[in-house]
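Source file: model_33.cif; contents: mmCIF, C-alpha atoms.
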data_query
loop_
_atom_site.label_atom_id
_atom_site.label_comp_id
_atom_site.auth_asym_id
_atom_site.auth_seq_id
_atom_site.Cartn_x
_atom_site.Cartn_y
_atom_site.Cartn_z
CA MET X 1 26.21 7.70 28.91
CA ARG X 2 28.38 4.80 30.10
CA VAL X 3 30.25 5.41 33.36
CA GLY X 4 33.21 3.59 34.85
CA PHE X 5 33.34 3.78 38.64
CA VAL X 6 36.33 3.06 40.90
CA GLY X 7 35.98 2.82 44.67
CA VAL X 8 32.78 1.61 46.33
CA GLY X 9 33.39 2.13 50.02
CA ARG X 10 30.81 4.02 52.06
CA ILE X 11 30.74 7.25 50.05
CA GLY X 12 31.62 5.47 46.81
CA ALA X 13 28.67 3.10 47.02
CA ALA X 14 26.35 6.03 47.70
CA HIS X 15 27.79 7.94 44.73
CA ALA X 16 27.42 4.85 42.54
CA GLN X 17 23.72 4.67 43.29
CA VAL X 18 23.30 8.34 42.38
CA VAL X 19 25.19 7.78 39.12
CA ARG X 20 23.10 4.71 38.32
CA ASP X 21 19.87 6.64 38.88
CA HIS X 22 20.76 9.57 36.62
CA PRO X 23 18.45 9.50 33.58
CA ALA X 24 21.32 10.15 31.15
CA VAL X 25 23.39 7.21 32.42
CA THR X 26 22.79 3.98 30.52
CA SER X 27 25.32 1.72 32.26
CA VAL X 28 27.67 1.68 35.24
CA ARG X 29 30.68 -0.59 35.74
CA VAL X 30 32.18 -0.59 39.27
CA ALA X 31 35.60 -1.65 40.51
CA ASP X 32 37.27 -1.58 43.92
CA ALA X 33 40.58 -2.58 45.47
CA ASP X 34 38.45 -5.17 47.28
CA SER X 35 37.01 -7.18 44.38
CA ALA X 36 34.49 -8.93 46.62
CA ARG X 37 33.12 -5.56 47.73
CA ALA X 38 32.85 -4.46 44.09
CA ARG X 39 30.82 -7.57 43.25
CA LYS X 40 28.60 -7.10 46.30
CA VAL X 41 27.84 -3.44 45.50
CA ALA X 42 27.34 -4.26 41.82
CA ASP X 43 24.80 -6.95 42.75
CA GLU X 44 22.99 -4.62 45.14
CA LEU X 45 22.76 -1.85 42.54
CA GLY X 46 22.11 -4.09 39.55
CA VAL X 47 25.19 -2.86 37.68
CA GLU X 48 28.28 -4.54 36.25
CA ALA X 49 31.35 -5.42 38.32
CA ALA X 50 34.84 -4.96 36.88
CA ALA X 51 37.96 -6.85 37.87
CA GLY X 52 39.93 -3.62 38.27
CA ALA X 53 40.33 0.01 37.21
CA ASP X 54 41.61 -0.89 33.74
CA GLU X 55 38.43 -2.83 33.02
CA ALA X 56 36.24 -0.13 34.59
CA PHE X 57 37.81 2.43 32.23
CA ARG X 58 37.26 0.33 29.10
CA ASP X 59 34.52 1.34 26.64
CA VAL X 60 33.01 4.05 28.85
CA ASP X 61 32.25 7.73 28.28
CA ALA X 62 33.31 9.07 31.69
CA VAL X 63 34.89 7.97 34.96
CA VAL X 64 34.00 8.58 38.62
CA ILE X 65 36.72 8.00 41.23
CA ALA X 66 35.83 7.48 44.89
CA ALA X 67 38.74 5.24 45.82
CA ALA X 68 41.15 5.78 48.74
CA THR X 69 43.04 9.07 48.63
CA ALA X 70 46.35 7.36 47.86
CA ALA X 71 44.90 6.08 44.56
CA HIS X 72 43.34 9.34 43.34
CA ALA X 73 46.32 10.78 41.44
CA GLU X 74 47.18 7.58 39.59
CA LEU X 75 43.57 6.98 38.59
CA MET X 76 42.99 10.58 37.46
CA ILE X 77 46.14 10.50 35.35
CA ALA X 78 45.01 7.19 33.81
CA ALA X 79 41.63 8.73 32.97
CA ALA X 80 43.34 11.76 31.41
CA ARG X 81 45.56 9.56 29.27
CA ALA X 82 42.49 7.64 28.16
CA GLY X 83 40.82 10.92 27.19
CA LEU X 84 37.96 10.37 29.63
CA PRO X 85 36.07 13.10 31.52
CA VAL X 86 36.76 12.42 35.19
CA PHE X 87 35.07 13.18 38.50
CA CYS X 88 37.14 12.53 41.63
CA GLU X 89 36.38 12.84 45.31
CA LYS X 90 38.60 15.23 47.22
CA PRO X 91 41.53 15.50 47.61
CA VAL X 92 43.13 15.21 44.17
CA ALA X 93 46.27 13.72 45.72
CA ALA X 94 47.96 13.26 49.06
CA ASP X 95 50.38 16.14 48.53
CA ILE X 96 51.05 19.25 46.45
CA ALA X 97 53.46 17.48 44.09
CA GLY X 98 50.87 14.83 43.26
CA THR X 99 48.18 17.45 42.75
CA LEU X 100 50.41 19.38 40.36
CA GLU X 101 51.13 16.18 38.43
CA VAL X 102 47.40 15.54 38.02
CA LEU X 103 46.80 19.15 37.00
CA ALA X 104 49.46 18.88 34.29
CA ALA X 105 47.94 15.60 33.05
CA VAL X 106 44.34 16.82 32.75
CA GLU X 107 45.38 20.12 31.20
CA SER X 108 47.67 18.41 28.69
CA ALA X 109 44.96 15.92 27.74
CA GLY X 110 42.26 18.59 27.72
CA VAL X 111 39.82 16.33 29.54
CA PRO X 112 36.91 17.79 31.54
CA ASN X 113 37.49 17.29 35.25
CA GLN X 114 35.51 17.91 38.42
CA ILE X 115 36.49 17.49 42.07
CA GLY X 116 33.98 16.52 44.73
CA PHE X 117 33.51 19.63 46.85
CA GLN X 118 29.79 19.09 47.28
CA ARG X 119 29.18 22.13 49.50
CA ARG X 120 29.22 24.27 46.35
CA PHE X 121 25.91 22.58 45.48
CA ASP X 122 24.24 22.96 48.89
CA ALA X 123 21.35 25.43 48.87
CA GLY X 124 22.53 27.27 51.99
CA TYR X 125 26.04 27.88 50.71
CA VAL X 126 24.68 28.95 47.32
CA ALA X 127 22.45 31.50 49.08
CA ALA X 128 25.33 32.73 51.25
CA ARG X 129 27.49 33.26 48.18
CA GLN X 130 24.73 35.25 46.53
CA ALA X 131 24.30 37.37 49.67
CA VAL X 132 28.01 38.22 49.58
CA GLN X 133 27.98 38.96 45.85
CA ASP X 134 24.93 41.21 45.86
CA LYS X 135 25.94 42.80 49.19
CA THR X 136 22.73 41.81 50.97
CA ILE X 137 24.94 41.55 54.05
CA GLY X 138 26.71 44.81 53.24
CA GLU X 139 30.50 44.75 53.17
CA LEU X 140 31.85 41.37 54.27
CA ARG X 141 33.84 41.68 57.51
CA ARG X 142 33.98 38.24 59.16
CA VAL X 143 33.46 34.57 58.35
CA HIS X 144 33.11 31.63 60.73
CA LEU X 145 33.26 27.97 59.69
CA ILE X 146 32.54 24.78 61.63
CA THR X 147 33.01 21.17 60.60
CA ALA X 148 32.52 18.72 63.44
CA ASP X 149 31.94 14.97 63.12
CA ALA X 150 29.59 13.23 65.50
CA GLU X 151 31.93 10.24 65.69
CA PRO X 152 35.57 9.83 64.66
CA PRO X 153 36.54 7.85 61.57
CA HIS X 154 37.67 4.23 61.89
CA PRO X 155 41.12 4.08 63.51
CA SER X 156 42.59 2.45 60.40
CA TYR X 157 41.72 5.56 58.38
CA VAL X 158 43.51 8.09 60.54
CA PRO X 159 47.20 7.32 59.72
CA THR X 160 46.57 7.67 55.96
CA SER X 161 44.06 10.55 56.05
CA GLY X 162 46.62 13.34 55.70
CA GLY X 163 45.42 14.99 58.89
CA ILE X 164 42.35 16.97 59.84
CA PHE X 165 43.20 20.08 57.79
CA ARG X 166 43.83 18.16 54.55
CA ASP X 167 41.14 15.54 55.01
CA CYS X 168 38.30 17.39 56.74
CA HIS X 169 38.82 21.15 56.70
CA ILE X 170 39.77 21.25 53.04
CA HIS X 171 36.00 21.45 52.49
CA ASP X 172 35.93 24.60 54.63
CA PHE X 173 38.86 26.09 52.74
CA ASP X 174 37.20 25.43 49.38
CA ILE X 175 33.83 26.85 50.42
CA LEU X 176 35.51 29.87 52.03
CA ARG X 177 37.12 30.75 48.69
CA TRP X 178 33.94 30.01 46.74
CA VAL X 179 31.47 31.92 48.93
CA THR X 180 33.65 34.99 49.50
CA GLY X 181 35.39 35.13 46.12
CA ARG X 182 38.61 35.94 47.99
CA GLU X 183 41.92 34.14 48.52
CA VAL X 184 43.56 33.18 51.82
CA VAL X 185 46.89 34.92 52.41
CA SER X 186 47.83 33.58 55.85
CA VAL X 187 46.81 30.95 58.40
CA TYR X 188 47.38 30.37 62.10
CA ALA X 189 46.18 26.91 63.14
CA VAL X 190 46.16 24.96 66.39
CA GLY X 191 44.94 21.57 67.50
CA ALA X 192 44.53 19.32 70.50
CA ASN X 193 44.47 15.61 71.24
CA ARG X 194 41.55 14.83 73.52
CA GLY X 195 40.38 11.53 72.04
CA ALA X 196 41.81 8.22 70.82
CA GLU X 197 45.57 7.79 70.89
CA VAL X 198 45.68 7.00 67.16
CA PHE X 199 45.31 10.70 66.33
CA ALA X 200 48.41 11.70 68.31
CA THR X 201 50.50 8.74 67.16
CA SER X 202 49.58 9.60 63.55
CA GLY X 203 50.72 13.21 63.98
CA ASP X 204 47.10 14.39 63.79
CA VAL X 205 44.66 16.12 66.15
CA ASP X 206 41.01 15.52 66.94
CA GLU X 207 40.13 19.12 67.91
CA SER X 208 41.11 22.01 65.64
CA ALA X 209 40.89 25.76 65.25
CA ALA X 210 42.36 28.36 62.92
CA VAL X 211 42.36 32.04 62.03
CA LEU X 212 42.65 32.83 58.32
CA THR X 213 43.25 36.25 56.78
CA LEU X 214 41.84 36.88 53.30
CA ASP X 215 43.39 39.07 50.65
CA ASP X 216 41.02 41.97 51.37
CA GLY X 217 41.65 41.87 55.13
CA THR X 218 38.53 39.85 56.00
CA LEU X 219 39.08 37.58 59.00
CA ALA X 220 37.82 34.00 59.01
CA THR X 221 37.74 31.66 61.99
CA LEU X 222 37.49 27.89 61.87
CA GLN X 223 36.62 25.20 64.38
CA GLY X 224 36.55 21.44 64.00
CA SER X 225 36.19 18.22 65.94
CA ARG X 226 36.17 14.47 65.47
CA TYR X 227 34.08 14.05 68.64
CA ASN X 228 31.05 16.34 68.44
CA GLY X 229 28.59 14.40 70.57
CA GLY X 230 25.72 16.74 69.69
CA GLY X 231 25.75 15.55 66.06
CA TYR X 232 27.26 16.24 62.67
CA ASP X 233 27.72 20.00 62.71
CA VAL X 234 28.65 21.83 59.50
CA ARG X 235 27.89 25.56 59.43
CA MET X 236 29.14 28.84 58.04
CA GLU X 237 28.45 32.44 59.02
CA VAL X 238 29.13 35.40 56.74
CA ALA X 239 28.94 38.64 58.70
CA GLY X 240 28.80 42.04 57.02
CA THR X 241 28.08 45.64 57.80
CA SER X 242 24.33 45.14 57.23
CA ALA X 243 23.53 41.55 58.22
CA THR X 244 24.84 38.11 59.13
CA HIS X 245 23.73 35.05 57.16
CA ALA X 246 24.17 31.55 58.58
CA VAL X 247 24.40 28.29 56.63
CA GLY X 248 23.23 25.12 58.36
CA LEU X 249 21.14 26.91 60.98
CA ASP X 250 17.91 24.93 60.69
CA ASP X 251 15.90 22.45 62.74
CA HIS X 252 18.60 19.80 62.23
CA ALA X 253 21.41 21.97 63.61
CA ALA X 254 23.48 20.09 66.20
CA LEU X 255 22.76 22.71 68.86
CA VAL X 256 20.77 23.07 72.08
CA SER X 257 19.71 26.54 73.14
CA ALA X 258 20.68 27.50 76.69
CA GLU X 259 18.00 30.21 76.73
CA PRO X 260 14.95 29.42 78.91
CA GLY X 261 11.84 28.59 76.88
CA VAL X 262 13.63 28.43 73.50
CA THR X 263 12.87 25.20 71.64
CA PHE X 264 14.83 25.87 68.45
CA PRO X 265 16.14 23.76 66.86
CA ALA X 266 13.23 21.35 67.10
CA GLY X 267 14.46 18.53 64.85
CA ASP X 268 16.97 15.73 65.26
CA PRO X 269 20.57 16.59 64.37
CA PHE X 270 22.28 14.82 61.50
CA ARG X 271 24.78 12.14 62.50
CA GLU X 272 26.81 11.87 59.30
CA PHE X 273 27.65 13.63 56.03
CA TRP X 274 25.39 11.83 53.53
CA SER X 275 22.17 12.68 55.37
CA ARG X 276 23.26 16.32 55.71
CA PHE X 277 24.40 16.77 52.13
CA ARG X 278 22.52 14.22 50.04
CA PRO X 279 20.83 16.81 47.75
CA ALA X 280 24.22 18.45 47.20
CA TYR X 281 25.87 15.12 46.34
CA GLU X 282 23.10 14.40 43.84
CA ALA X 283 23.44 17.87 42.31
CA GLU X 284 27.21 17.59 41.90
CA ILE X 285 26.89 14.26 40.09
CA SER X 286 24.21 15.75 37.85
CA ALA X 287 26.58 18.62 37.12
CA PHE X 288 29.36 16.19 36.23
CA VAL X 289 27.11 14.38 33.75
CA ASP X 290 26.54 17.73 32.07
CA VAL X 291 30.29 18.47 32.16
CA ALA X 292 31.11 15.08 30.64
CA ARG X 293 28.58 15.64 27.87
CA GLY X 294 30.06 19.03 27.06
CA GLU X 295 26.96 20.93 28.18
CA ARG X 296 28.61 23.10 30.87
CA GLU X 297 31.97 24.12 32.26
CA SER X 298 33.30 22.29 35.29
CA PRO X 299 32.10 23.92 38.53
CA CYS X 300 35.18 22.76 40.46
CA THR X 301 38.37 21.83 38.65
CA VAL X 302 41.69 20.34 39.72
CA ALA X 303 43.07 23.89 39.63
CA ASP X 304 40.39 24.97 42.14
CA ALA X 305 41.20 22.00 44.37
CA LEU X 306 44.91 22.87 44.30
CA GLU X 307 44.20 26.32 45.78
CA SER X 308 42.30 24.79 48.70
CA PHE X 309 45.06 22.22 49.19
CA TYR X 310 47.58 25.03 49.53
CA VAL X 311 45.50 26.40 52.42
CA ALA X 312 45.38 22.95 54.03
CA GLU X 313 49.16 22.65 53.70
CA ALA X 314 49.64 26.07 55.28
CA ALA X 315 47.31 25.17 58.16
CA THR X 316 49.13 21.88 58.75
CA LEU X 317 52.51 23.62 58.74
CA SER X 318 51.19 26.31 61.07
CA ARG X 319 49.95 23.76 63.60
CA ASN X 320 53.20 21.81 63.44
CA GLU X 321 55.43 24.86 63.87
CA GLY X 322 53.20 27.01 66.08
CA ARG X 323 53.32 30.12 63.91
CA VAL X 324 51.48 32.12 61.27
CA VAL X 325 52.15 30.71 57.78
CA ARG X 326 51.69 32.77 54.65
CA LEU X 327 50.39 30.98 51.59
CA THR X 328 53.43 32.11 49.61
CA GLU X 329 55.50 29.72 51.76
CA VAL X 330 53.72 26.61 50.43
CA LYS X 331 52.76 27.63 46.91
CA VAL X 332 54.84 26.21 44.08
#
Structure encoded using structure tokens:
Amino acid sequence: MRVGFVGVGRIGAAHAQVVRDHPAVTSVRVADADSARARKVADELGVEAAAGADEAFRDVDAVVIAAATAAHAELMIAAARAGLPVFCEKPVAADIAGTLEVLAAVESAGVPNQIGFQRRFDAGYVAARQAVQDKTIGELRRVHLITADAEPPHPSYVPTSGGIFRDCHIHDFDILRWVTGREVVSVYAVGANRGAEVFATSGDVDESAAVLTLDDGTLATLQGSRYNGGGYDVRMEVAGTSATHAVGLDDHAALVSAEPGVTFPAGDPFREFWSRFRPAYEAEISAFVDVARGERESPCTVADALESFYVAEAATLSRNEGRVVRLTEVKV
């Protein structure tokens, strides 16, 4: 399979290597808004460099998009019009209107599409979902989610990120829906500015929290940070009437026990997302190859991503207005 690839920044370059190494992929052609970076990554990976997206899309069987968020919608629509199966990193677009435009384009063209919510492929989240489905934990009553970065993103990224709920916690919103099988009906979100001034001047926060109510009455709580000095901390707890299962609670957890004599966790905490989720990233690309070849249904479509984006919009509105926001207020 021949793959066109657009966007080879930090996560894009890592994705490109995974794509190149897939046994079903025969060639990869990479492009980037920075043509020099595209040539550099192409040389490092031993693949072809393209002058731009149009060239990357030419004579290929599928497309992977890992460009800046602002370019996602345009590139996905171009792939749909070219009749190419497309994988795109989250989010689909910077806003609901753009996401709906992409959804209409891929559905009209009938092209397979997959969005990069890699937590759906992480072994811990898969096990938690199964525990909810088969009621190993009993009846689900509570969920807790944490996404905390060890270091903040580069200051230049913050003004265009869309804010912590759209950029970061959208992963939590997607995995909450996927693990529980329920929909969010309301959100109350808060945030604080404790770090660099760029967050406040960009209308964003660097510390976050939220309470989400699901359609069956289950309560979910969320915490996040751009300054988690203990390490990259991504966890989820699903608590039921019989048991509580925790995702991410292993020897790499970014925790220190305050209990005397307790040495767990014994390992070094992760510092960034690729180390924490590399097997999941590899599995999602493998899934997309199967999707592009018509061997399986997409595990995470644009329509799925839209539902999580609605939650992110509701959380952002809630923080801005200091009130509970129902999802019906933001859904189109």
>> From the options X:Phe173, X:Phe288, X:Arg37, X:Trp178, which residue's atoms come nearest to Val19 of chain X, counting only C-alpha atoms?
In response: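 The closest residue to Val19 of chain X is X:Phe288.
Counting all atoms listed in the file, Tyr188 of chain X has the following residues at most 10 Å away, ignoring those fewer than 3 positions along the same chain: Ala209, Ala210, Val211, Leu212, Thr213, Thr221, Ala314, Ala315, Thr316, Leu317, Ser318, Arg319, Glu321, Gly322, Arg323, Val324, Val325 and Arg326 of chain X.
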>> If we count all atoms listed in the file and set the cut-off at 9 Å, which residues sit around Pro85 of chain X, ignoring sequence neighbours fewer than 5 positions away in its own chain? Please answer as a PyMOL selection string.
In response: chain X and resi 61-64+79-80+111-114+288+291-293
> Written as a PyMOL selection string, which residues does the PyMOL selection byres ((chain X and resi 285) around 9) give for the file shown?
Replying inline: chain X and resi 15+18-19+22+87+116+280-284+286-290
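Picture a line from atom CA of Asn228 of chain X to atom CA of Asp268 of chain X; it runs 14.4 Å.
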> Within 8 Å of segment 148-161 of chain X, counting only C-alpha atoms, which residues qualify if same-chain residues fewer than 2 places away don't, as a VMD selection string?
Replying inline: chain X and resid 69 146 163 to 164 166 to 167 198 to 199 202 204 223 to 234 271 to 272
>> As a check of understanding, name the residues that the PyMOL selection byres ((chain X and resi 132) around 12) selects in the supplied structure, as a PyMOL selection string.
In response: chain X and resi 125-131+133-143+176-182+237-246
> In Å to one decimal, how far is atom CA of Arg10 of chain X from atom CA of Asp251 of chain X?
Replying inline: 26.0 Å
> Residues around (34.6, -4.4, 34.6), cut-off 10 Å, counting all atoms listed in the file - what are they as a PyMOL selection string?
Replying inline: chain X and resi 4-6+28-31+38-39+48-59
Those residues you just picked out, can you put them in a file as a compact mmCIF listing (two decimals), in the frame of the given file with C-alpha atoms?
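Full text of part15.txt as output:
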# COMPACT_ATOMS: atom_id res chain seq x y z
CA GLY X 4 33.21 3.59 34.85
CA PHE X 5 33.34 3.78 38.64
CA VAL X 6 36.33 3.06 40.90
CA VAL X 28 27.67 1.68 35.24
CA ARG X 29 30.68 -0.59 35.74
CA VAL X 30 32.18 -0.59 39.27
CA ALA X 31 35.60 -1.65 40.51
CA ALA X 38 32.85 -4.46 44.09
CA ARG X 39 30.82 -7.57 43.25
CA GLU X 48 28.28 -4.54 36.25
CA ALA X 49 31.35 -5.42 38.32
CA ALA X 50 34.84 -4.96 36.88
CA ALA X 51 37.96 -6.85 37.87
CA GLY X 52 39.93 -3.62 38.27
CA ALA X 53 40.33 0.01 37.21
CA ASP X 54 41.61 -0.89 33.74
CA GLU X 55 38.43 -2.83 33.02
CA ALA X 56 36.24 -0.13 34.59
CA PHE X 57 37.81 2.43 32.23
CA ARG X 58 37.26 0.33 29.10
CA ASP X 59 34.52 1.34 26.64
> Which residues, protein or nucleic acid, reach to within 6 Å of (42.7, 31.4, 52.1) in the file's coordinates when using only C-alpha atoms, and can you give that as a PyMOL selection string?
Replying inline: chain X and resi 183-185+214+311
>> Using Å and a single decimal, report how far atom CA of Gly195 of chain X sits from atom CA of Glu207 of chain X.
In response: 8.6 Å
All heavy atoms for segment 175-186 of chain X, written as a PDB file, in the frame of the given file, could you do that?
ATOM      1  N   ILE X 175      35.072  26.077  50.394  1.00  0.00           N
ATOM      2  CA  ILE X 175      33.830  26.850  50.420  1.00  0.00           C
ATOM      3  C   ILE X 175      34.091  28.286  50.860  1.00  0.00           C
ATOM      4  O   ILE X 175      33.373  29.214  50.449  1.00  0.00           O
ATOM      5  CB  ILE X 175      32.763  26.172  51.307  1.00  0.00           C
ATOM      6  CG1 ILE X 175      31.356  26.547  50.832  1.00  0.00           C
ATOM      7  CG2 ILE X 175      32.959  26.477  52.778  1.00  0.00           C
ATOM      8  CD1 ILE X 175      31.019  26.083  49.438  1.00  0.00           C
ATOM      9  N   LEU X 176      35.129  28.511  51.663  1.00  0.00           N
ATOM     10  CA  LEU X 176      35.510  29.870  52.030  1.00  0.00           C
ATOM     11  C   LEU X 176      35.895  30.672  50.787  1.00  0.00           C
ATOM     12  O   LEU X 176      35.445  31.805  50.589  1.00  0.00           O
ATOM     13  CB  LEU X 176      36.677  29.835  53.023  1.00  0.00           C
ATOM     14  CG  LEU X 176      37.296  31.177  53.419  1.00  0.00           C
ATOM     15  CD1 LEU X 176      36.285  32.058  54.136  1.00  0.00           C
ATOM     16  CD2 LEU X 176      38.536  30.952  54.294  1.00  0.00           C
ATOM     17  N   ARG X 177      36.717  30.091  49.937  1.00  0.00           N
ATOM     18  CA  ARG X 177      37.120  30.750  48.690  1.00  0.00           C
ATOM     19  C   ARG X 177      35.913  30.978  47.787  1.00  0.00           C
ATOM     20  O   ARG X 177      35.763  32.027  47.163  1.00  0.00           O
ATOM     21  CB  ARG X 177      38.154  29.907  47.943  1.00  0.00           C
ATOM     22  CG  ARG X 177      39.477  29.721  48.657  1.00  0.00           C
ATOM     23  CD  ARG X 177      40.450  28.891  47.798  1.00  0.00           C
ATOM     24  NE  ARG X 177      40.736  29.575  46.536  1.00  0.00           N
ATOM     25  CZ  ARG X 177      40.352  29.127  45.348  1.00  0.00           C
ATOM     26  NH1 ARG X 177      39.642  28.010  45.233  1.00  0.00           N
ATOM     27  NH2 ARG X 177      40.664  29.811  44.242  1.00  0.00           N
ATOM     28  N   TRP X 178      35.051  29.958  47.693  1.00  0.00           N
ATOM     29  CA  TRP X 178      33.940  30.010  46.740  1.00  0.00           C
ATOM     30  C   TRP X 178      32.871  31.015  47.175  1.00  0.00           C
ATOM     31  O   TRP X 178      32.364  31.788  46.350  1.00  0.00           O
ATOM     32  CB  TRP X 178      33.329  28.619  46.600  1.00  0.00           C
ATOM     33  CG  TRP X 178      32.319  28.499  45.507  1.00  0.00           C
ATOM     34  CD1 TRP X 178      32.557  28.460  44.163  1.00  0.00           C
ATOM     35  CD2 TRP X 178      30.898  28.375  45.668  1.00  0.00           C
ATOM     36  NE1 TRP X 178      31.372  28.317  43.466  1.00  0.00           N
ATOM     37  CE2 TRP X 178      30.340  28.265  44.370  1.00  0.00           C
ATOM     38  CE3 TRP X 178      30.054  28.339  46.774  1.00  0.00           C
ATOM     39  CZ2 TRP X 178      28.966  28.132  44.160  1.00  0.00           C
ATOM     40  CZ3 TRP X 178      28.689  28.201  46.570  1.00  0.00           C
ATOM     41  CH2 TRP X 178      28.159  28.108  45.267  1.00  0.00           C
ATOM     42  N   VAL X 179      32.512  31.014  48.442  1.00  0.00           N
ATOM     43  CA  VAL X 179      31.470  31.920  48.930  1.00  0.00           C
ATOM     44  C   VAL X 179      31.947  33.365  48.929  1.00  0.00           C
ATOM     45  O   VAL X 179      31.208  34.265  48.517  1.00  0.00           O
ATOM     46  CB  VAL X 179      30.996  31.505  50.345  1.00  0.00           C
ATOM     47  CG1 VAL X 179      30.151  32.603  50.984  1.00  0.00           C
ATOM     48  CG2 VAL X 179      30.193  30.203  50.276  1.00  0.00           C
ATOM     49  N   THR X 180      33.172  33.609  49.377  1.00  0.00           N
ATOM     50  CA  THR X 180      33.650  34.990  49.500  1.00  0.00           C
ATOM     51  C   THR X 180      34.232  35.543  48.208  1.00  0.00           C
ATOM     52  O   THR X 180      34.293  36.764  48.032  1.00  0.00           O
ATOM     53  CB  THR X 180      34.733  35.096  50.590  1.00  0.00           C
ATOM     54  OG1 THR X 180      35.892  34.351  50.184  1.00  0.00           O
ATOM     55  CG2 THR X 180      34.213  34.575  51.928  1.00  0.00           C
ATOM     56  N   GLY X 181      34.716  34.667  47.330  1.00  0.00           N
ATOM     57  CA  GLY X 181      35.390  35.130  46.120  1.00  0.00           C
ATOM     58  C   GLY X 181      36.768  35.700  46.408  1.00  0.00           C
ATOM     59  O   GLY X 181      37.368  36.364  45.569  1.00  0.00           O
ATOM     60  N   ARG X 182      37.308  35.428  47.593  1.00  0.00           N
ATOM     61  CA  ARG X 182      38.610  35.940  47.990  1.00  0.00           C
ATOM     62  C   ARG X 182      39.596  34.783  48.181  1.00  0.00           C
ATOM     63  O   ARG X 182      39.209  33.629  48.264  1.00  0.00           O
ATOM     64  CB  ARG X 182      38.528  36.728  49.304  1.00  0.00           C
ATOM     65  CG  ARG X 182      37.427  37.745  49.410  1.00  0.00           C
ATOM     66  CD  ARG X 182      37.421  38.793  48.320  1.00  0.00           C
ATOM     67  NE  ARG X 182      38.713  39.448  48.137  1.00  0.00           N
ATOM     68  CZ  ARG X 182      38.888  40.535  47.369  1.00  0.00           C
ATOM     69  NH1 ARG X 182      37.836  41.072  46.752  1.00  0.00           N
ATOM     70  NH2 ARG X 182      40.077  41.080  47.230  1.00  0.00           N
ATOM     71  N   GLU X 183      40.884  35.134  48.285  1.00  0.00           N
ATOM     72  CA  GLU X 183      41.920  34.140  48.520  1.00  0.00           C
ATOM     73  C   GLU X 183      42.498  34.292  49.920  1.00  0.00           C
ATOM     74  O   GLU X 183      42.576  35.402  50.462  1.00  0.00           O
ATOM     75  CB  GLU X 183      43.048  34.286  47.488  1.00  0.00           C
ATOM     76  CG  GLU X 183      42.608  34.060  46.050  1.00  0.00           C
ATOM     77  CD  GLU X 183      42.160  32.640  45.765  1.00  0.00           C
ATOM     78  OE1 GLU X 183      42.460  31.735  46.573  1.00  0.00           O
ATOM     79  OE2 GLU X 183      41.508  32.415  44.727  1.00  0.00           O
ATOM     80  N   VAL X 184      42.912  33.180  50.503  1.00  0.00           N
ATOM     81  CA  VAL X 184      43.560  33.180  51.820  1.00  0.00           C
ATOM     82  C   VAL X 184      45.016  33.586  51.639  1.00  0.00           C
ATOM     83  O   VAL X 184      45.713  33.078  50.752  1.00  0.00           O
ATOM     84  CB  VAL X 184      43.480  31.786  52.465  1.00  0.00           C
ATOM     85  CG1 VAL X 184      44.237  31.758  53.794  1.00  0.00           C
ATOM     86  CG2 VAL X 184      42.017  31.376  52.681  1.00  0.00           C
ATOM     87  N   VAL X 185      45.491  34.498  52.488  1.00  0.00           N
ATOM     88  CA  VAL X 185      46.890  34.920  52.410  1.00  0.00           C
ATOM     89  C   VAL X 185      47.725  34.405  53.583  1.00  0.00           C
ATOM     90  O   VAL X 185      48.947  34.262  53.460  1.00  0.00           O
ATOM     91  CB  VAL X 185      47.037  36.446  52.288  1.00  0.00           C
ATOM     92  CG1 VAL X 185      46.437  36.941  50.993  1.00  0.00           C
ATOM     93  CG2 VAL X 185      46.427  37.157  53.486  1.00  0.00           C
ATOM     94  N   SER X 186      47.080  34.114  54.726  1.00  0.00           N
ATOM     95  CA  SER X 186      47.830  33.580  55.850  1.00  0.00           C
ATOM     96  C   SER X 186      46.924  32.767  56.764  1.00  0.00           C
ATOM     97  O   SER X 186      45.700  32.956  56.784  1.00  0.00           O
ATOM     98  CB  SER X 186      48.511  34.694  56.660  1.00  0.00           C
ATOM     99  OG  SER X 186      47.538  35.491  57.318  1.00  0.00           O
TER     100      SER X 186
END
